[in-house]
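Below: model30.tsv (TSV, C-alpha atoms)
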```tsv
chain	number	residue	atom	x	y	z
A	28	MET	CA	12.01	-1.16	20.58
A	29	LYS	CA	11.36	-4.85	20.01
A	30	ILE	CA	7.95	-5.99	18.79
A	31	SER	CA	7.76	-8.13	21.95
A	32	GLU	CA	7.87	-4.92	24.00
A	33	ILE	CA	5.03	-3.41	21.96
A	34	LYS	CA	3.01	-6.51	22.77
A	35	LYS	CA	3.77	-6.06	26.46
A	36	LEU	CA	3.04	-2.33	26.58
A	37	LEU	CA	-0.29	-2.65	24.78
A	38	PHE	CA	-1.34	-5.89	26.54
A	39	ALA	CA	-1.69	-7.27	23.03
A	40	ASP	CA	-2.23	-10.77	21.70
A	41	VAL	CA	-0.07	-12.14	18.88
A	42	LEU	CA	-2.18	-13.64	16.09
A	43	CYS	CA	0.44	-14.28	13.46
A	44	ASN	CA	4.20	-14.72	13.04
A	45	PRO	CA	5.21	-14.82	16.74
A	46	GLN	CA	8.76	-15.62	15.61
A	47	GLY	CA	9.04	-11.98	14.48
A	48	ALA	CA	8.66	-10.66	18.05
A	49	ALA	CA	12.40	-10.18	18.43
A	50	THR	CA	12.51	-7.78	15.48
A	51	GLU	CA	13.71	-4.30	16.41
A	52	VAL	CA	11.57	-1.40	15.15
A	53	PHE	CA	12.24	2.33	15.37
A	54	SER	CA	9.04	4.12	14.46
A	55	ALA	CA	5.31	3.69	13.93
A	56	CYS	CA	2.25	5.37	12.50
A	57	GLY	CA	-1.44	5.26	13.38
A	58	SER	CA	-4.03	5.59	10.63
A	59	ASP	CA	-7.25	4.13	9.26
A	60	MET	CA	-6.61	5.70	5.88
A	61	MET	CA	-4.33	3.51	3.78
A	62	SER	CA	-3.90	6.20	1.11
A	63	ASP	CA	-2.26	8.39	3.76
A	64	VAL	CA	-0.03	5.54	4.86
A	65	LEU	CA	1.08	5.13	1.25
A	66	ALA	CA	1.64	8.88	0.90
A	67	TYR	CA	3.41	9.85	4.09
A	68	VAL	CA	4.96	6.84	5.76
A	69	LYS	CA	8.66	6.42	5.37
A	70	ASN	CA	10.55	3.67	7.11
A	71	GLN	CA	7.93	3.19	9.80
A	72	ALA	CA	7.84	-0.49	10.56
A	73	VAL	CA	4.69	-0.56	12.69
A	74	LEU	CA	1.13	0.35	11.71
A	75	LEU	CA	-1.60	0.86	14.31
A	76	THR	CA	-5.09	0.79	12.83
A	77	GLY	CA	-8.73	-0.01	13.48
A	78	LEU	CA	-9.37	-0.82	9.83
A	79	ILE	CA	-10.18	-4.41	8.94
A	80	ASN	CA	-9.76	-5.48	5.34
A	81	PRO	CA	-7.05	-7.28	3.34
A	82	GLN	CA	-5.79	-4.02	1.83
A	83	VAL	CA	-4.30	-3.15	5.22
A	84	ILE	CA	-1.90	-6.06	4.84
A	85	ARG	CA	-1.28	-5.34	1.16
A	86	THR	CA	-0.48	-1.70	1.96
A	87	MET	CA	1.99	-2.81	4.62
A	88	GLU	CA	3.57	-5.23	2.18
A	89	MET	CA	4.11	-2.41	-0.31
A	90	MET	CA	5.70	-0.27	2.42
A	91	ASP	CA	7.91	-3.11	3.78
A	92	MET	CA	6.29	-2.72	7.23
A	93	LYS	CA	6.91	-5.40	9.85
A	94	CYS	CA	4.12	-5.31	12.42
A	95	VAL	CA	0.44	-4.33	12.55
A	96	VAL	CA	-1.48	-3.59	15.75
A	97	PHE	CA	-5.26	-3.79	15.43
A	98	VAL	CA	-6.76	-1.50	18.06
A	99	ARG	CA	-10.22	-1.37	19.70
A	100	ASN	CA	-10.21	-5.17	19.86
A	101	LYS	CA	-10.67	-5.45	16.09
A	102	LYS	CA	-10.05	-8.96	14.81
A	103	PRO	CA	-8.50	-9.56	11.38
A	104	THR	CA	-10.12	-12.12	9.09
A	105	GLU	CA	-8.58	-15.49	8.22
A	106	ALA	CA	-7.77	-14.15	4.75
A	107	MET	CA	-5.88	-11.24	6.28
A	108	LEU	CA	-3.94	-13.55	8.58
A	109	ARG	CA	-2.98	-15.73	5.60
A	110	LEU	CA	-1.67	-12.69	3.71
A	111	ALA	CA	0.24	-11.53	6.80
A	112	GLU	CA	1.72	-14.99	7.30
A	113	GLU	CA	3.00	-15.05	3.72
A	114	ALA	CA	4.42	-11.54	4.04
A	115	GLY	CA	6.07	-12.25	7.40
A	116	ILE	CA	4.11	-9.48	9.13
A	117	VAL	CA	3.57	-9.82	12.89
A	118	VAL	CA	-0.12	-9.29	13.77
A	119	LEU	CA	-1.11	-7.98	17.20
A	120	THR	CA	-4.51	-7.03	18.65
A	121	THR	CA	-5.23	-4.84	21.64
A	122	ASP	CA	-8.32	-3.53	23.45
A	123	MET	CA	-6.80	-0.04	23.51
A	124	ARG	CA	-7.98	2.81	21.33
A	125	LEU	CA	-5.74	4.16	18.59
A	126	PHE	CA	-4.85	7.40	20.40
A	127	GLU	CA	-4.04	5.63	23.64
A	128	ALA	CA	-1.97	2.90	21.99
A	129	CYS	CA	0.05	5.41	19.94
A	130	GLY	CA	0.59	7.57	23.02
A	131	ILE	CA	1.90	4.69	25.10
A	132	LEU	CA	4.37	3.60	22.43
A	133	TYR	CA	5.56	7.18	21.84
A	134	ALA	CA	5.95	7.82	25.58
A	135	ASN	CA	8.03	4.69	25.82
A	136	GLY	CA	10.47	5.82	23.18
A	137	LEU	CA	9.16	4.58	19.87
A	138	GLY	CA	10.15	7.53	17.69
A	139	ASN	CA	8.11	9.57	15.30
A	140	THR	CA	9.89	10.20	12.04
A	141	MET	CA	6.85	11.00	9.93
A	142	CYS	CA	8.35	12.35	6.78
A	143	HIS	CA	6.42	14.40	4.23
A	144	GLU	CA	8.22	14.04	0.94
B	24	MET	CA	20.30	-7.56	-18.70
B	25	ASN	CA	19.95	-6.16	-22.21
B	26	GLU	CA	16.60	-7.53	-23.22
B	27	VAL	CA	13.36	-6.03	-21.93
B	28	LEU	CA	11.37	-8.29	-19.65
B	29	GLN	CA	7.62	-7.93	-19.86
B	30	PHE	CA	4.98	-8.94	-17.34
B	31	HIS	CA	1.23	-8.80	-17.94
B	32	TYR	CA	-1.49	-8.85	-15.31
B	33	ASP	CA	-5.27	-8.75	-15.46
B	34	VAL	CA	-6.77	-6.66	-12.66
B	35	ASP	CA	-10.11	-8.02	-11.51
B	36	GLY	CA	-12.59	-5.20	-11.06
B	37	GLU	CA	-15.15	-7.27	-9.21
B	38	ASP	CA	-13.10	-8.01	-6.15
B	39	PHE	CA	-11.63	-5.25	-4.00
B	40	THR	CA	-10.11	-7.94	-1.79
B	41	SER	CA	-7.80	-9.18	-4.51
B	42	ALA	CA	-6.67	-5.70	-5.61
B	43	GLY	CA	-2.93	-5.46	-5.22
B	44	GLU	CA	-2.10	-9.00	-6.31
B	45	ALA	CA	-0.30	-7.76	-9.42
B	46	SER	CA	1.74	-5.30	-7.34
B	47	VAL	CA	2.75	-8.03	-4.91
B	48	GLN	CA	3.80	-10.21	-7.83
B	49	ILE	CA	5.85	-7.51	-9.55
B	50	LYS	CA	7.52	-6.76	-6.24
B	51	LYS	CA	8.60	-10.40	-5.98
B	52	ASN	CA	9.79	-10.46	-9.59
B	53	LEU	CA	11.88	-7.30	-9.18
B	54	ARG	CA	13.41	-8.68	-5.99
B	55	GLN	CA	14.45	-11.83	-7.84
B	56	LEU	CA	15.97	-9.67	-10.57
B	57	GLY	CA	18.06	-7.90	-7.94
B	58	PHE	CA	16.76	-4.32	-8.23
B	59	PRO	CA	17.50	-1.94	-5.31
B	60	PRO	CA	14.89	-1.98	-2.49
B	61	ASP	CA	14.01	1.71	-2.94
B	62	THR	CA	13.29	1.20	-6.65
B	63	ILE	CA	11.18	-1.86	-5.90
B	64	ARG	CA	9.21	0.02	-3.24
B	65	ARG	CA	8.49	2.97	-5.53
B	66	VAL	CA	7.37	0.71	-8.39
B	67	SER	CA	5.14	-1.41	-6.19
B	68	ILE	CA	3.47	1.55	-4.43
B	69	ALA	CA	2.81	3.40	-7.71
B	70	MET	CA	1.43	0.25	-9.28
B	71	TYR	CA	-0.64	-0.61	-6.21
B	72	GLU	CA	-2.35	2.79	-6.25
B	73	GLY	CA	-2.99	2.26	-9.96
B	74	GLU	CA	-4.52	-1.12	-9.32
B	75	ILE	CA	-6.74	0.23	-6.55
B	76	ASN	CA	-7.86	3.06	-8.86
B	77	MET	CA	-8.75	0.60	-11.62
B	78	VAL	CA	-10.85	-1.45	-9.23
B	79	ILE	CA	-12.58	1.58	-7.64
B	80	HIS	CA	-13.29	3.58	-10.78
B	81	ALA	CA	-13.05	1.42	-13.87
B	82	GLY	CA	-14.20	-2.11	-13.13
B	83	GLY	CA	-10.67	-3.45	-13.47
B	84	GLY	CA	-8.22	-3.38	-16.32
B	85	GLU	CA	-4.78	-4.54	-17.35
B	86	ALA	CA	-1.29	-3.84	-16.16
B	87	ASP	CA	1.84	-4.29	-18.26
B	88	VAL	CA	5.24	-3.89	-16.70
B	89	LEU	CA	8.33	-3.54	-18.87
B	90	VAL	CA	11.59	-4.08	-17.05
B	91	HIS	CA	14.48	-2.29	-18.72
B	92	GLU	CA	18.04	-2.30	-17.49
B	93	ASP	CA	17.85	1.21	-16.05
B	94	TYR	CA	14.15	1.88	-15.67
B	95	ILE	CA	10.84	0.16	-15.10
B	96	GLU	CA	7.80	1.15	-17.10
B	97	MET	CA	4.24	0.47	-15.95
B	98	ILE	CA	1.34	0.76	-18.36
B	99	LEU	CA	-2.09	0.58	-16.74
B	100	THR	CA	-5.04	0.39	-19.12
B	101	ASP	CA	-8.74	0.38	-18.32
B	102	HIS	CA	-11.99	0.81	-20.20
B	103	GLY	CA	-13.82	2.71	-17.48
B	104	PRO	CA	-15.47	6.13	-17.59
B	105	GLY	CA	-12.18	8.02	-18.07
B	106	ILE	CA	-11.06	11.07	-16.13
B	107	GLU	CA	-13.05	14.20	-16.94
B	108	ASN	CA	-10.62	16.70	-15.44
B	109	VAL	CA	-7.07	15.40	-15.03
B	110	ASN	CA	-5.78	18.56	-13.31
B	111	LEU	CA	-8.47	18.26	-10.67
B	112	ALA	CA	-7.83	14.54	-10.24
B	113	MET	CA	-4.13	15.26	-9.64
B	114	GLN	CA	-4.95	17.47	-6.63
B	115	GLU	CA	-4.42	15.82	-3.27
B	116	GLY	CA	-7.75	15.32	-1.54
B	117	TYR	CA	-9.93	15.46	-4.66
B	118	SER	CA	-11.86	12.23	-5.09
B	119	THR	CA	-14.87	10.91	-6.94
B	120	ALA	CA	-14.79	7.59	-5.09
B	121	PRO	CA	-17.97	6.52	-3.28
B	122	ASP	CA	-18.15	6.62	0.52
B	123	THR	CA	-18.11	2.82	0.64
B	124	ILE	CA	-14.52	2.94	-0.62
B	125	ARG	CA	-13.54	5.42	2.10
B	126	THR	CA	-14.68	2.96	4.75
B	127	LEU	CA	-12.12	0.57	3.22
B	128	GLY	CA	-9.26	3.02	3.75
B	129	PHE	CA	-9.05	4.46	0.25
B	130	GLY	CA	-10.80	7.18	-1.78
B	131	ALA	CA	-9.06	10.06	-0.01
B	132	GLY	CA	-7.97	11.62	-3.26
B	133	MET	CA	-4.39	10.43	-2.93
B	134	GLY	CA	-4.25	7.78	-5.67
B	135	LEU	CA	-2.98	9.78	-8.63
B	136	PRO	CA	-0.89	12.15	-6.44
B	137	ASN	CA	0.78	9.10	-4.89
B	138	MET	CA	1.45	7.62	-8.32
B	139	LYS	CA	3.12	10.89	-9.29
B	140	ARG	CA	5.01	11.04	-5.97
B	141	TYR	CA	6.60	7.63	-6.37
B	142	SER	CA	7.30	7.61	-10.11
B	143	ASP	CA	9.81	9.65	-12.11
B	144	SER	CA	7.38	10.26	-14.94
B	145	LEU	CA	3.61	9.93	-15.21
B	146	HIS	CA	1.58	10.28	-18.37
B	147	ILE	CA	-2.21	10.06	-18.43
B	148	ASP	CA	-4.03	9.45	-21.68
B	149	THR	CA	-7.78	9.70	-21.07
B	150	ALA	CA	-11.03	11.26	-22.15
B	151	LYS	CA	-14.48	11.15	-20.68
B	152	GLY	CA	-16.15	7.87	-21.58
B	153	GLN	CA	-13.02	6.48	-23.20
B	154	GLY	CA	-11.13	4.77	-20.43
B	155	CYS	CA	-7.69	5.57	-19.21
B	156	LYS	CA	-4.11	4.66	-20.02
B	157	ILE	CA	-1.51	5.61	-17.46
B	158	THR	CA	2.18	5.21	-18.19
B	159	MET	CA	4.66	5.54	-15.34
B	160	LYS	CA	8.42	5.19	-15.31
B	161	VAL	CA	10.69	4.62	-12.35
B	162	PHE	CA	14.39	4.99	-13.03
B	163	VAL	CA	16.86	2.80	-11.17
```
Could the structure of this file be written out as structure tokens, please?
Amino acid sequence: MKISEIKKLLFADVLCNPQGAATEVFSACGSDMMSDVLAYVKNQAVLLTGLINPQVIRTMEMMDMKCVVFVRNKKPTEAMLRLAEEAGIVVLTTDMRLFEACGILYANGLGNTMCHE
Amino acid sequence: MNEVLQFHYDVDGEDFTSAGEASVQIKKNLRQLGFPPDTIRRVSIAMYEGEINMVIHAGGGEADVLVHEDYIEMILTDHGPGIENVNLAMQEGYSTAPDTIRTLGFGAGMGLPNMKRYSDSLHIDTAKGQGCKITMKVFV
């Protein structure tokens, strides 16, 4: 699924790196706990979260993730957008709740390859 | 590359926002040196968790990264309260972090377990009241 399709499905706004919208992604995870993202995520390119602080972007950078979707209409700070810009991470925001947003993406074919090492 | 490259970083304990800067930097350095992506990812995640731990528990510290030809060694040193019970701290889900840290997405008791998960060797030298020195190695 292309990031542009995620934007469409979640009625999301793009806040950063719109040029990355054509990037193809194959899986996603939804979490507000970055420690869990660091522990269990493997090759998921998309993170859906309601957490707002710069460590969200740092965590994604460590995991080589490509796109973050902030749910529940949460708005990232300028500092977060700067970090995302530097890291080439596409930043989306949506009014949807985490459960709903994850469900829509899953139902539309974005796979779940959560891998416990 | 026969000589050992060494990088040193100071980890600011006052600013949770800036935690992770050293890990981002080492990631860039290892990329420039041409290490495989999986190795780079493991090093940067292990180091990132270490950095976060130093900021949460120890008021900051220092990180030294030694880049050998076939392995990368990370030495994280702090002068915080030390770890009273290392076995307990290694259990997933055990945490002494304050609730304020949990609202920031950390403090779930996954820091040390994640450092072990992503490194090939982990050694913890600590005692109550005497800080902590963690040495991790990731082989290429």
Q: Would you kindly report the residues of chain A within 7 Å of chain B, using all atoms listed in the file, as a VMD selection string?
A: chain A and resid 59 to 62 66 80 to 82 85 89 to 90
Q. Do you have the CA of Asp122 (chain B)-CA of Met107 (chain A) distance handy?
A. 22.4 Å
Q) Any idea what the distance is between CA of Leu36 (chain A) and CA of Ala72 (chain A)? A)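 Answer for the CA of Leu36 (chain A) to CA of Ala72 (chain A) separation: 16.8 Å.
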Excluding same-chain residues fewer than 6 positions from region 113-120 of chain A, what lies within 10 Å of it counting only C-alpha atoms, as a CSV table (one decimal) with C-alpha atoms, in the coordinates of the input?
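File produced: out.csv:
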```csv
chain,number,residue,atom,x,y,z
A,30,ILE,CA,8.0,-6.0,18.8
A,33,ILE,CA,5.0,-3.4,22.0
A,34,LYS,CA,3.0,-6.5,22.8
A,37,LEU,CA,-0.3,-2.6,24.8
A,38,PHE,CA,-1.3,-5.9,26.5
A,39,ALA,CA,-1.7,-7.3,23.0
A,40,ASP,CA,-2.2,-10.8,21.7
A,41,VAL,CA,-0.1,-12.1,18.9
A,42,LEU,CA,-2.2,-13.6,16.1
A,43,CYS,CA,0.4,-14.3,13.5
A,44,ASN,CA,4.2,-14.7,13.0
A,45,PRO,CA,5.2,-14.8,16.7
A,46,GLN,CA,8.8,-15.6,15.6
A,47,GLY,CA,9.0,-12.0,14.5
A,48,ALA,CA,8.7,-10.7,18.0
A,50,THR,CA,12.5,-7.8,15.5
A,72,ALA,CA,7.8,-0.5,10.6
A,73,VAL,CA,4.7,-0.6,12.7
A,74,LEU,CA,1.1,0.4,11.7
A,75,LEU,CA,-1.6,0.9,14.3
A,76,THR,CA,-5.1,0.8,12.8
A,77,GLY,CA,-8.7,0.0,13.5
A,84,ILE,CA,-1.9,-6.1,4.8
A,85,ARG,CA,-1.3,-5.3,1.2
A,87,MET,CA,2.0,-2.8,4.6
A,88,GLU,CA,3.6,-5.2,2.2
A,91,ASP,CA,7.9,-3.1,3.8
A,92,MET,CA,6.3,-2.7,7.2
A,93,LYS,CA,6.9,-5.4,9.8
A,94,CYS,CA,4.1,-5.3,12.4
A,95,VAL,CA,0.4,-4.3,12.6
A,96,VAL,CA,-1.5,-3.6,15.8
A,97,PHE,CA,-5.3,-3.8,15.4
A,98,VAL,CA,-6.8,-1.5,18.1
A,99,ARG,CA,-10.2,-1.4,19.7
A,100,ASN,CA,-10.2,-5.2,19.9
A,101,LYS,CA,-10.7,-5.4,16.1
A,102,LYS,CA,-10.0,-9.0,14.8
A,103,PRO,CA,-8.5,-9.6,11.4
A,107,MET,CA,-5.9,-11.2,6.3
B,47,VAL,CA,2.8,-8.0,-4.9
```
Q.
Env of His146 (chain B): 8 Å cut, atoms = only C-alpha atoms, seq-sep filter 2 positions within chain, self excluded. Answer as a VMD selection string.
A. chain B and resid 144 148 157 to 159
Q. Quick one: distance from CA of Lys160 (chain B) to CA of Glu96 (chain B) in Å, one decimal?
A.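 Between these atoms lies a distance of 4.5 Å.
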Need to verify the contact set: Thr149 (chain B), 10 Å, only C-alpha atoms, exclusion of same-chain residues closer than 4 positions in sequence. Can you return it as a short mmCIF file (atom, residue, chain, number, x, y, z; two decimals) with C-alpha atoms, in the frame of the given file?
```cif
data_model
loop_
_atom_site.label_atom_id
_atom_site.label_comp_id
_atom_site.auth_asym_id
_atom_site.auth_seq_id
_atom_site.Cartn_x
_atom_site.Cartn_y
_atom_site.Cartn_z
CA THR B 100 -5.04 0.39 -19.12
CA ASP B 101 -8.74 0.38 -18.32
CA HIS B 102 -11.99 0.81 -20.20
CA GLY B 103 -13.82 2.71 -17.48
CA PRO B 104 -15.47 6.13 -17.59
CA GLY B 105 -12.18 8.02 -18.07
CA ILE B 106 -11.06 11.07 -16.13
CA GLU B 107 -13.05 14.20 -16.94
CA ASN B 108 -10.62 16.70 -15.44
CA VAL B 109 -7.07 15.40 -15.03
CA GLN B 153 -13.02 6.48 -23.20
CA GLY B 154 -11.13 4.77 -20.43
CA CYS B 155 -7.69 5.57 -19.21
CA LYS B 156 -4.11 4.66 -20.02
CA ILE B 157 -1.51 5.61 -17.46
#
```
**Q.** Using all atoms listed in the file: which of A:Ala111, A:Ile79, A:Leu132, A:Met123 has the shortest distance to Ala55 (chain A)
**A.**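 Closest to Ala55 (chain A) of all the choices is A:Leu132.
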